[in-house]
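What follows is one structure encoded as structure tokens, with my remarks underneath.
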Amino acid sequence: MSASALDAAFFVRWMTASAASVNREADRLTELDSAIGDADHGSNMRRGFAAVAKALEAEPPATPGAVLMAAGRQLVSTVGGASGPLYGTLLRRTGKALGDAEQVSVDELRAGLRAGVDAVGQLGGAAPGDKTMLDALDPAVDALATSFGAAAAAADEGARATVPMQARKGRASYLGERSIGHQDPGATSSALLFATLAEVAG
Amino acid sequence: MSASALDAAFFVRWMTASAASVNREADRLTELDSAIGDADHGSNMRRGFAAVAKALEAEPPATPGAVLMAAGRQLVSTVGGASGPLYGTLLRRTGKALGDAEQVSVDELRAGLRAGVDAVGQLGGAAPGDKTMLDALDPAVDALATSFGAAAAAADEGARATVPMQARKGRASYLGERSIGHQDPGATSSALLFATLAEVAG
Amino acid sequence: MLMNVAENVVADALHGMAAAHPDLVVDVENRVIVRRDAPVEGKVGLLSGGGSGHEPLHGGFVGPGMLDAACPGEVFTSPVPDQMVRAAAAVDSGKGVLFLVKNYTGDVLNFRMAEELAQDEGIQVASVLVDDDVAVTDSTFTAGRRGTGATLFVEKIAGAAADEGAPLERVEAIARQVVAQSRSFGVALAPCTTPAKGSPTFDLPAGELELGVGIHGEPGRERRAMMTSHEIADVAVDAVLTDLEPRLPVLVLVNGMGATPLLELYGFAAEVHRVLAERKAAVARTLVGNYVTSLDMAGASVTLCQVDGDLLRLWDAPVQTPGLRWGR
Amino acid sequence: MLMNVAENVVADALHGMAAAHPDLVVDVENRVIVRRDAPVEGKVGLLSGGGSGHEPLHGGFVGPGMLDAACPGEVFTSPVPDQMVRAAAAVDSGKGVLFLVKNYTGDVLNFRMAEELAQDEGIQVASVLVDDDVAVTDSTFTAGRRGTGATLFVEKIAGAAADEGAPLERVEAIARQVVAQSRSFGVALAPCTTPAKGSPTFDLPAGELELGVGIHGEPGRERRAMMTSHEIADVAVDAVLTDLEPRLPVLVLVNGMGATPLLELYGFAAEVHRVLAERKAAVARTLVGNYVTSLDMAGASVTLCQVDGDLLRLWDAPVQTPGLRWGR
Ligand SMILES: Nc1ncnc2c1ncn2[C@@H]1O[C@H](COP(=O)(O)OP(=O)(O)O)[C@@H](O)[C@H]1O
Ligand SMILES: Nc1ncnc2c1ncn2[C@@H]1O[C@H](COP(=O)(O)OP(=O)(O)O)[C@@H](O)[C@H]1O
Ligand SMILES: [Mg+2]
Ligand SMILES: [Mg+2]
Ligand SMILES: [Mg+2]
Ligand SMILES: [Mg+2]
């Protein structure tokens, strides 16, 4: 596999590694959600990605698109909350955009993710700056034009940039000005997914 | 009034001063009751003696017996719990024993209190050694043969002697061996009443 | 605490009961709660009471099919005789009044005084003591077993019997039968805070629990490291079954102490059912909820009551009170 | 906590509900609670759901006169679409199904997905959003008002309408009317502890309270030094009345968050009635208790719902569920 040709196995590795990193960071995600939400983001993500890893192991799909669509379906069916439909939509739309190619280039992945991220924005009605996962996802997809590492760095920076923001979407918005000063849990898990992607890409 | 002739005013003073000392010590009584009971002895005693003081002020009875009987009735009608009927009975029986004499001697008071304490024993079915108010009341009445001060000292000693006892009556008995090591709240309030009696007697 | 001043919590609550329950006559001054249609012609009056802090017990169980009147004392403090005398007079239709008394020294003494006073006023009174808590050894070395969860069974079943027009001796006999066939065991996961004291009634470090607690914030018989719901059900049901040895189906009360979420109580109920099935005890009915509470104590108790067809019929009979309601 | 492992609290509770309530079919595996006689011939199916931890909402409100089915999610986590699709299929008699959805992003998204999927399966579905919490400013800068206590009013009143045989559009319209005429405000005196986190969801020093909290253990809009029940009622009822301005009598729900004793709730109910009287708002009915909870949070909320004669009749109509029961 060339650096720019990503196959189904690569996406399975990304999802499986994501299950591990989400599991490792679950307490921190819950802690962040405890400050401005309802203290379940860590267990939501852990439950969802554990189901994803299990499903992909049991029946590994043949194409990158199918892997992400299967993963997205698992998230929708097991997570609940706001993050379930949103991450589920992200992966399903991205997968759909990848079509049934056996391999995809990084650029194709970037275009697919762009479609996925836009779908998240449409579904949840949020835009970057609202202190949600979009604040990590959106710059990460753009930076993927440079490299996986740049995407991961942009996601992390985007997540950290949510700290001074006042939330306008999701539960944190109920807090009004009291949401300022805390990092958004969903943006943090998004950064985690892009960090894992960069690791898997080597 | 000679040292050994106690009139109605003396008993009103005792009751009024008891209301003050019970009020002052209420938190300590509740704290003791919290360890081996249900954390209400202080408020029970405060509520009861406040009613006693108010009733005696509103309509001061003419004789020692009538003062104690009125006080006992107030306790029965306002305290509730175990201590209400028990202290109510103590004062009513003592008052009854004093008859309608205008003045009573210390010896007559002692005999009256003996009748009262025995009635408490009969009503509650407890005996000295069961870790109840009787452990302070019983020796105090005997020591009254010597002096008010001796009675107060005996009551205090009796209350402190309840610490190593295992309760066999009242709520503390539910704790079995765990009741050991705590001073009985009722014995403590009894000691307080005798201390107040000694103070009032000068 | 959600209150004004500690001295007034009971009066404040009674004002709220009066506002919420037009079917009840709430005499705040005299601390008596009576069903509005009392005295009910030809019916034995059923009266209970005790310290406050166990809500909905007893005031929440006043109404058709259950109590005719309740006398709430101060928090965790038995009511005074004057209350019961007044309530007895209000509910006596000439058929007599039954006092249902939880076995605590204070309750026993105050109700006994009230019984004498009411009889002096020409009211026929009988009393039944509820003493179901197996955590307390029933011997001459204690004040006897506490009355806890079984009180609900006694009030409901005796209430149904009175509702059917049974005479005083019969209602009394049924109440005694329910007491004889009921046993309870309780655990605390966190202590409660009384308004008067304003701090927990005992220290219970997180990660420990008290086995064998009553409903007055007292410590239990034994402190242990935290146990699972599974393990607690094993201990609690075993303690009850060892004493009760039921041969008939049982009513099951999985009762919350106040602050334990219903979500956890239902999980505990599943464990209680598991143990009962393992022990081959048949279940007739199950009630899960906060019925006989200890303010904001966290924890639960299990009460079993062995019932024959007649008692089960009385249990199922209609009841219409703020705290328990079905069949009408 | 009274539990086994945090991951299983919802499943464990469902096992307990199955054991305690033979009138309900509890599908533990698929997380669906359905009344045993569903689908009821000729009746619109009423379906709700949401995160667990608010018991008896929603599962405890399944039964004649209220919900046909409930879908419990994980603790404080909206259920997944699969649950609602399955429940909709189970309760649809051909007259259509109404989803009652509390306004949270997660609930809205998952129910919306379920609506599409159920419609794909040929089930007619309508949805009504409940958004009654005046503590949240309803603007484009928030996710909109939260759904809290009014959910009980909507489920009960729409349930009665469905019970009477009203068609889907009518039941939907009535549900919308109840939402439009209901407002809530909540306070927390102590935070709750979720099983997954195992520690309080926020720090609230004794002697302080949070005003304007929801039912998910989130902090509120404002922290203040502890207030009396009198003062809290002033703030809460004022917040609701300012927004609602009722001209008709109101239903009053004085709801406990979980760990506040009923004794305190009744005292608070008295204060709520006081403020309503001062503000010349007529009270039609009052309900006091733990109905829409936030695990073991201490605190309370006030919900008012303005009712005309028709809505009041539907409120009074018989209901027979584990958590709410009268008139039958
Ligand atoms: N409308 C929205 N658009 C995008 N992301 C959102 C939206 N609402 C919430 N989120 C994201 O979801 C995260 C919370 O997820 P989670 O805690 O799992 O769900 P819930 O809020 O239902 O408890 C937030 O931190 C935020 O990043
Ligand atoms: N049977 C009894 N005989 C004598 N004194 C008793 C008896 N039972 C309890 N007491 C006394 O009553 C005290 C408790 O009083 P109090 O706390 O006011 O009532 P309660 O136990 O009903 O809460 C105990 O400390 C004990 O001294
Ligand atoms: Mg969350
Ligand atoms: Mg006491
Ligand atoms: Mg007491
Ligand atoms: Mg959530």
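Please note that chains go A, B, ... in the order of the structure tokens, that every chain numbers its residues from 1, and that ligands are numbered from 1 in the order shown.
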To check your reading of the model: which residues sit at most 7 Å from ligand 1 when counting only C-alpha atoms and all ligand atoms? Write the answer as a ChimeraX atom specification. /A:33,37-41,44-45,81-84,86,120-121,124-126,131-134,169-171,184-187 /D:76-78,105-106
Would you mind exporting the chosen residues as an mmCIF file, in the first residue's frame, restricted to N, CA and C atoms?
```
data_model
loop_
_atom_site.group_PDB
_atom_site.id
_atom_site.type_symbol
_atom_site.label_atom_id
_atom_site.label_comp_id
_atom_site.auth_asym_id
_atom_site.auth_seq_id
_atom_site.Cartn_x
_atom_site.Cartn_y
_atom_site.Cartn_z
ATOM 1 N N ASP A 33 -17.088 16.431 30.423
ATOM 2 C CA ASP A 33 -18.533 16.510 30.236
ATOM 3 C C ASP A 33 -19.236 16.787 31.561
ATOM 4 N N GLY A 37 -21.543 19.454 31.056
ATOM 5 C CA GLY A 37 -22.573 18.601 30.468
ATOM 6 C C GLY A 37 -23.147 17.667 31.503
ATOM 7 N N ASP A 38 -23.302 16.415 31.121
ATOM 8 C CA ASP A 38 -23.968 15.472 32.010
ATOM 9 C C ASP A 38 -23.135 14.234 32.296
ATOM 10 N N ALA A 39 -21.822 14.371 32.142
ATOM 11 C CA ALA A 39 -20.894 13.357 32.652
ATOM 12 C C ALA A 39 -21.048 11.986 32.011
ATOM 13 N N ASP A 40 -21.377 11.954 30.720
ATOM 14 C CA ASP A 40 -21.493 10.640 30.100
ATOM 15 C C ASP A 40 -20.680 10.505 28.801
ATOM 16 N N HIS A 41 -19.972 11.537 28.375
ATOM 17 C CA HIS A 41 -19.349 11.454 27.061
ATOM 18 C C HIS A 41 -18.318 10.326 26.992
ATOM 19 N N ASN A 44 -20.163 7.028 26.829
ATOM 20 C CA ASN A 44 -20.828 6.941 25.522
ATOM 21 C C ASN A 44 -19.847 6.512 24.438
ATOM 22 N N MET A 45 -18.696 7.191 24.380
ATOM 23 C CA MET A 45 -17.710 6.912 23.338
ATOM 24 C C MET A 45 -17.117 5.512 23.518
ATOM 25 N N GLY A 81 -27.476 9.676 23.019
ATOM 26 C CA GLY A 81 -26.978 11.011 23.308
ATOM 27 C C GLY A 81 -26.837 11.823 22.045
ATOM 28 N N ALA A 82 -26.189 12.976 22.157
ATOM 29 C CA ALA A 82 -25.947 13.803 20.980
ATOM 30 C C ALA A 82 -24.829 13.208 20.136
ATOM 31 N N SER A 83 -23.820 12.654 20.797
ATOM 32 C CA SER A 83 -22.642 12.225 20.051
ATOM 33 C C SER A 83 -22.907 11.003 19.185
ATOM 34 N N GLY A 84 -23.863 10.158 19.568
ATOM 35 C CA GLY A 84 -24.147 8.959 18.779
ATOM 36 C C GLY A 84 -24.580 9.290 17.362
ATOM 37 N N LEU A 86 -24.373 12.119 15.843
ATOM 38 C CA LEU A 86 -23.436 13.023 15.178
ATOM 39 C C LEU A 86 -22.203 12.275 14.670
ATOM 40 N N VAL A 120 -22.558 16.625 9.669
ATOM 41 C CA VAL A 120 -22.663 16.841 11.124
ATOM 42 C C VAL A 120 -23.188 18.245 11.397
ATOM 43 N N GLY A 121 -22.645 19.216 10.671
ATOM 44 C CA GLY A 121 -23.103 20.600 10.845
ATOM 45 C C GLY A 121 -24.581 20.732 10.509
ATOM 46 N N GLY A 124 -26.800 18.791 13.280
ATOM 47 C CA GLY A 124 -26.867 19.406 14.606
ATOM 48 C C GLY A 124 -27.095 20.906 14.572
ATOM 49 N N GLY A 125 -27.012 21.488 13.383
ATOM 50 C CA GLY A 125 -27.254 22.926 13.279
ATOM 51 C C GLY A 125 -26.162 23.783 13.896
ATOM 52 N N ALA A 126 -25.003 23.199 14.127
ATOM 53 C CA ALA A 126 -23.917 23.979 14.732
ATOM 54 C C ALA A 126 -22.912 24.414 13.674
ATOM 55 N N LYS A 131 -18.557 25.900 20.053
ATOM 56 C CA LYS A 131 -18.018 25.057 21.135
ATOM 57 C C LYS A 131 -18.585 23.653 21.046
ATOM 58 N N THR A 132 -18.371 23.007 19.907
ATOM 59 C CA THR A 132 -18.777 21.608 19.745
ATOM 60 C C THR A 132 -17.652 20.854 19.057
ATOM 61 N N MET A 133 -17.919 19.607 18.747
ATOM 62 C CA MET A 133 -16.951 18.762 18.039
ATOM 63 C C MET A 133 -16.523 19.384 16.708
ATOM 64 N N LEU A 134 -17.381 20.236 16.155
ATOM 65 C CA LEU A 134 -17.034 20.858 14.870
ATOM 66 C C LEU A 134 -15.789 21.725 14.969
ATOM 67 N N LYS A 169 -24.470 25.432 21.345
ATOM 68 C CA LYS A 169 -25.201 24.222 20.972
ATOM 69 C C LYS A 169 -24.956 23.158 22.030
ATOM 70 N N GLY A 170 -25.853 22.167 22.072
ATOM 71 C CA GLY A 170 -25.679 21.064 23.026
ATOM 72 C C GLY A 170 -25.987 21.508 24.442
ATOM 73 N N ARG A 171 -25.808 20.577 25.333
ATOM 74 C CA ARG A 171 -26.089 20.808 26.741
ATOM 75 C C ARG A 171 -25.351 21.979 27.354
ATOM 76 N N ASP A 184 -14.454 21.632 25.431
ATOM 77 C CA ASP A 184 -15.621 20.847 25.023
ATOM 78 C C ASP A 184 -15.272 19.359 24.917
ATOM 79 N N PRO A 185 -16.066 18.515 25.539
ATOM 80 C CA PRO A 185 -15.753 17.073 25.504
ATOM 81 C C PRO A 185 -15.808 16.498 24.089
ATOM 82 N N GLY A 186 -16.794 16.889 23.305
ATOM 83 C CA GLY A 186 -16.905 16.349 21.943
ATOM 84 C C GLY A 186 -15.742 16.782 21.062
ATOM 85 N N ALA A 187 -15.313 18.029 21.196
ATOM 86 C CA ALA A 187 -14.139 18.484 20.440
ATOM 87 C C ALA A 187 -12.919 17.692 20.882
ATOM 88 N N PHE D 76 -28.655 9.234 31.755
ATOM 89 C CA PHE D 76 -28.511 10.588 31.202
ATOM 90 C C PHE D 76 -28.123 10.579 29.723
ATOM 91 N N THR D 77 -28.383 9.493 29.032
ATOM 92 C CA THR D 77 -28.034 9.403 27.614
ATOM 93 C C THR D 77 -29.271 9.016 26.817
ATOM 94 N N SER D 78 -29.603 9.790 25.803
ATOM 95 C CA SER D 78 -30.796 9.479 25.016
ATOM 96 C C SER D 78 -30.719 8.069 24.470
ATOM 97 N N THR D 105 -30.504 17.904 22.545
ATOM 98 C CA THR D 105 -29.935 17.591 21.237
ATOM 99 C C THR D 105 -29.935 16.087 20.977
ATOM 100 N N GLY D 106 -29.475 15.330 21.975
ATOM 101 C CA GLY D 106 -29.392 13.886 21.785
ATOM 102 C C GLY D 106 -30.766 13.265 21.567
#
```
Hey, which bits of chain D sit within 12 Å of ligand 3, and for each residue what's the closest pair of atoms and how far apart in Å (one decimal), counting only C-alpha atoms and all ligand atoms, rows by chain and increasing number, as a tab-separated table?
```
residue	atom	partner	partner_atom_place_in_ligand_line	distance
D:Gly51	CA	ligand 3	1 (Mg)	10.5
D:Glu74	CA	ligand 3	1 (Mg)	10.9
D:Val75	CA	ligand 3	1 (Mg)	9.9
D:Phe76	CA	ligand 3	1 (Mg)	7.4
D:Thr77	CA	ligand 3	1 (Mg)	7.0
D:Ser78	CA	ligand 3	1 (Mg)	9.5
D:Tyr104	CA	ligand 3	1 (Mg)	10.5
D:Thr105	CA	ligand 3	1 (Mg)	10.1
D:Gly106	CA	ligand 3	1 (Mg)	8.8
D:Asp107	CA	ligand 3	1 (Mg)	11.6
D:Thr194	CA	ligand 3	1 (Mg)	11.6
D:Ala196	CA	ligand 3	1 (Mg)	11.7
D:Lys197	CA	ligand 3	1 (Mg)	11.7
D:Thr201	CA	ligand 3	1 (Mg)	11.2
D:His216	CA	ligand 3	1 (Mg)	8.9
D:Gly217	CA	ligand 3	1 (Mg)	10.3
D:Glu218	CA	ligand 3	1 (Mg)	9.6
```
Mind writing the picked residues with N, CA and C atoms as a PDB file, in the first residue's frame?
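Dumped to out-v9.pdb:
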```
ATOM      1  N   GLY D  51     -32.873   9.477  28.485  1.00  0.00           N
ATOM      2  CA  GLY D  51     -31.857   8.872  29.333  1.00  0.00           C
ATOM      3  C   GLY D  51     -32.480   8.319  30.593  1.00  0.00           C
ATOM      4  N   GLU D  74     -29.126   4.804  28.291  1.00  0.00           N
ATOM      5  CA  GLU D  74     -28.194   4.714  29.411  1.00  0.00           C
ATOM      6  C   GLU D  74     -28.453   5.894  30.337  1.00  0.00           C
ATOM      7  N   VAL D  75     -27.791   5.908  31.489  1.00  0.00           N
ATOM      8  CA  VAL D  75     -28.015   6.995  32.438  1.00  0.00           C
ATOM      9  C   VAL D  75     -27.678   8.342  31.796  1.00  0.00           C
ATOM     10  N   PHE D  76     -28.655   9.234  31.755  1.00  0.00           N
ATOM     11  CA  PHE D  76     -28.511  10.588  31.202  1.00  0.00           C
ATOM     12  C   PHE D  76     -28.123  10.579  29.723  1.00  0.00           C
ATOM     13  N   THR D  77     -28.383   9.493  29.032  1.00  0.00           N
ATOM     14  CA  THR D  77     -28.034   9.403  27.614  1.00  0.00           C
ATOM     15  C   THR D  77     -29.271   9.016  26.817  1.00  0.00           C
ATOM     16  N   SER D  78     -29.603   9.790  25.803  1.00  0.00           N
ATOM     17  CA  SER D  78     -30.796   9.479  25.016  1.00  0.00           C
ATOM     18  C   SER D  78     -30.719   8.069  24.470  1.00  0.00           C
ATOM     19  N   TYR D 104     -33.631  17.856  24.099  1.00  0.00           N
ATOM     20  CA  TYR D 104     -32.183  17.804  24.261  1.00  0.00           C
ATOM     21  C   TYR D 104     -31.633  17.387  22.910  1.00  0.00           C
ATOM     22  N   THR D 105     -30.504  17.904  22.545  1.00  0.00           N
ATOM     23  CA  THR D 105     -29.935  17.591  21.237  1.00  0.00           C
ATOM     24  C   THR D 105     -29.935  16.087  20.977  1.00  0.00           C
ATOM     25  N   GLY D 106     -29.475  15.330  21.975  1.00  0.00           N
ATOM     26  CA  GLY D 106     -29.392  13.886  21.785  1.00  0.00           C
ATOM     27  C   GLY D 106     -30.766  13.265  21.567  1.00  0.00           C
ATOM     28  N   ASP D 107     -31.722  13.630  22.392  1.00  0.00           N
ATOM     29  CA  ASP D 107     -33.071  13.074  22.237  1.00  0.00           C
ATOM     30  C   ASP D 107     -33.659  13.471  20.893  1.00  0.00           C
ATOM     31  N   THR D 194     -23.439  10.004  39.100  1.00  0.00           N
ATOM     32  CA  THR D 194     -23.811   9.006  38.108  1.00  0.00           C
ATOM     33  C   THR D 194     -23.012   7.728  38.356  1.00  0.00           C
ATOM     34  N   ALA D 196     -21.578   5.809  36.285  1.00  0.00           N
ATOM     35  CA  ALA D 196     -20.356   5.717  35.479  1.00  0.00           C
ATOM     36  C   ALA D 196     -19.241   6.581  36.056  1.00  0.00           C
ATOM     37  N   LYS D 197     -19.591   7.762  36.554  1.00  0.00           N
ATOM     38  CA  LYS D 197     -18.557   8.651  37.072  1.00  0.00           C
ATOM     39  C   LYS D 197     -18.216   8.293  38.521  1.00  0.00           C
ATOM     40  N   THR D 201     -21.435  15.106  40.077  1.00  0.00           N
ATOM     41  CA  THR D 201     -21.239  15.677  38.746  1.00  0.00           C
ATOM     42  C   THR D 201     -20.716  17.108  38.801  1.00  0.00           C
ATOM     43  N   HIS D 216     -30.118  16.596  34.609  1.00  0.00           N
ATOM     44  CA  HIS D 216     -29.012  15.740  34.196  1.00  0.00           C
ATOM     45  C   HIS D 216     -27.756  16.008  34.989  1.00  0.00           C
ATOM     46  N   GLY D 217     -27.940  16.504  36.188  1.00  0.00           N
ATOM     47  CA  GLY D 217     -26.771  16.741  37.021  1.00  0.00           C
ATOM     48  C   GLY D 217     -25.895  17.872  36.530  1.00  0.00           C
ATOM     49  N   GLU D 218     -26.375  18.648  35.543  1.00  0.00           N
ATOM     50  CA  GLU D 218     -25.586  19.788  35.098  1.00  0.00           C
ATOM     51  C   GLU D 218     -25.661  20.893  36.147  1.00  0.00           C
TER      52      GLU D 218
END
```
Residues of segment 33-258 of chain C in strand (DSSP E) according to DSSP, as a ChimeraX atom specification? /C:33-35,45-52,69-75,97-102,125-130,182-190,208-211,222-225,250-256
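Here atom CA of Pro64 of chain C stands at a distance of 12.5 Å from atom CA of Val91 of chain C.
Reported to one decimal place, the separation of atom CA of Val288 of chain D from atom CA of Thr321 of chain C is 12.9 Å.
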Near segment 151-158 of chain C, within 9 Å and counting only C-alpha atoms, which residues show up once chain neighbours fewer than 5 positions away are dropped, as a VMD selection string? chain C and resid 46 to 48 57 to 58 61 65 to 67 100 to 102 130 to 132 163 171 to 179 182 251 253 291 to 292 305 311 to 317 319 324
Within 10 Å of Phe11 of chain A, counting only C-alpha atoms, which residues show up once you throw out same-chain ones fewer than 2 positions away? Write them as a ChimeraX atom specification, please. /A:6-9,13-17,56,61,63-68,71,197,200-201
Which parts of segment 54-177 of chain B does DSSP call helix (DSSP H, G or I) when run on the backbone here, written out as a PyMOL selection string? chain B and resi 54-58+64-78+83-97+106-124+134-143+148-160+171-177
Considering only C-alpha atoms, extract the chain C residues located within 10 Å of chain B and return them as a VMD selection string. chain C and resid 7 50 to 51 73 to 83 104 to 113 135 to 146 193 to 197 199 to 203 212 to 222
May I have the residues within 9 Å of segment 204-211 of chain D as a VMD selection string, using only C-alpha atoms and disregarding those fewer than 5 positions away in the same chain? chain D and resid 135 185 to 191 219 to 227 232 235 to 236 299
Tell me the residues of chain C close to chain D, meaning within 6 Å using only C-alpha atoms, as a compact mmCIF listing (two decimals) with N, CA and C atoms, in the first residue's frame.
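Result saved to result_13.txt:
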```
# COMPACT_ATOMS: atom_id res chain seq x y z
N LEU C 2 -34.09 21.88 52.09
CA LEU C 2 -35.12 22.71 51.49
C LEU C 2 -36.15 23.03 52.57
N MET C 3 -35.86 24.07 53.36
CA MET C 3 -36.75 24.36 54.48
C MET C 3 -36.59 25.81 54.90
N ASN C 4 -37.44 26.21 55.83
CA ASN C 4 -37.30 27.53 56.41
C ASN C 4 -36.52 27.40 57.71
N ASP C 12 -44.76 23.15 58.40
CA ASP C 12 -44.68 23.56 56.99
C ASP C 12 -45.15 22.44 56.07
N ALA C 13 -44.70 21.22 56.37
CA ALA C 13 -45.10 20.09 55.53
C ALA C 13 -46.60 19.86 55.62
N HIS C 15 -48.89 22.08 56.13
CA HIS C 15 -49.53 23.10 55.27
C HIS C 15 -49.51 22.65 53.82
N GLY C 16 -48.39 22.09 53.40
CA GLY C 16 -48.29 21.61 52.03
C GLY C 16 -49.23 20.45 51.77
N ALA C 20 -52.16 20.28 48.96
CA ALA C 20 -52.12 19.31 47.86
C ALA C 20 -53.25 18.29 47.91
N GLU C 55 -41.98 9.87 55.49
CA GLU C 55 -43.01 10.08 54.49
C GLU C 55 -42.80 9.22 53.25
N THR C 228 -22.00 -5.23 46.77
CA THR C 228 -22.82 -5.05 45.57
C THR C 228 -24.28 -5.27 45.95
N SER C 229 -25.14 -4.81 45.06
CA SER C 229 -26.56 -5.02 45.20
C SER C 229 -26.88 -6.51 45.34
N ALA C 259 -33.00 8.57 49.68
CA ALA C 259 -32.14 9.19 48.68
C ALA C 259 -31.61 8.21 47.63
N PRO C 261 -31.86 6.35 44.33
CA PRO C 261 -32.68 6.51 43.13
C PRO C 261 -33.52 5.27 42.84
N LEU C 262 -34.69 5.50 42.28
CA LEU C 262 -35.59 4.42 41.91
C LEU C 262 -34.88 3.46 40.95
N LEU C 263 -34.01 4.00 40.11
CA LEU C 263 -33.23 3.17 39.18
C LEU C 263 -32.47 2.10 39.95
N GLU C 264 -31.82 2.49 41.05
CA GLU C 264 -31.07 1.54 41.85
C GLU C 264 -32.02 0.59 42.60
N TYR C 266 -34.91 -0.51 41.69
CA TYR C 266 -35.40 -1.56 40.81
C TYR C 266 -34.33 -2.60 40.56
N GLY C 267 -33.09 -2.16 40.42
CA GLY C 267 -32.00 -3.12 40.27
C GLY C 267 -31.90 -4.02 41.49
N ALA C 269 -34.40 -4.69 43.46
CA ALA C 269 -35.60 -5.55 43.44
C ALA C 269 -35.33 -6.80 42.61
N ALA C 270 -34.59 -6.63 41.51
CA ALA C 270 -34.27 -7.79 40.68
C ALA C 270 -33.43 -8.79 41.48
N THR C 286 -45.21 -7.39 44.30
CA THR C 286 -43.98 -6.65 44.61
C THR C 286 -44.24 -5.15 44.52
N LEU C 295 -35.75 10.17 56.07
CA LEU C 295 -35.32 11.44 55.50
C LEU C 295 -34.51 11.22 54.22
N ASP C 296 -33.27 11.69 54.20
CA ASP C 296 -32.47 11.56 52.98
C ASP C 296 -31.41 10.47 53.12
N GLY C 327 -56.95 0.50 42.18
CA GLY C 327 -58.21 -0.23 42.19
C GLY C 327 -59.47 0.57 42.34
N ARG C 328 -59.43 1.88 42.25
CA ARG C 328 -60.67 2.64 42.36
C ARG C 328 -60.61 3.80 41.39
```
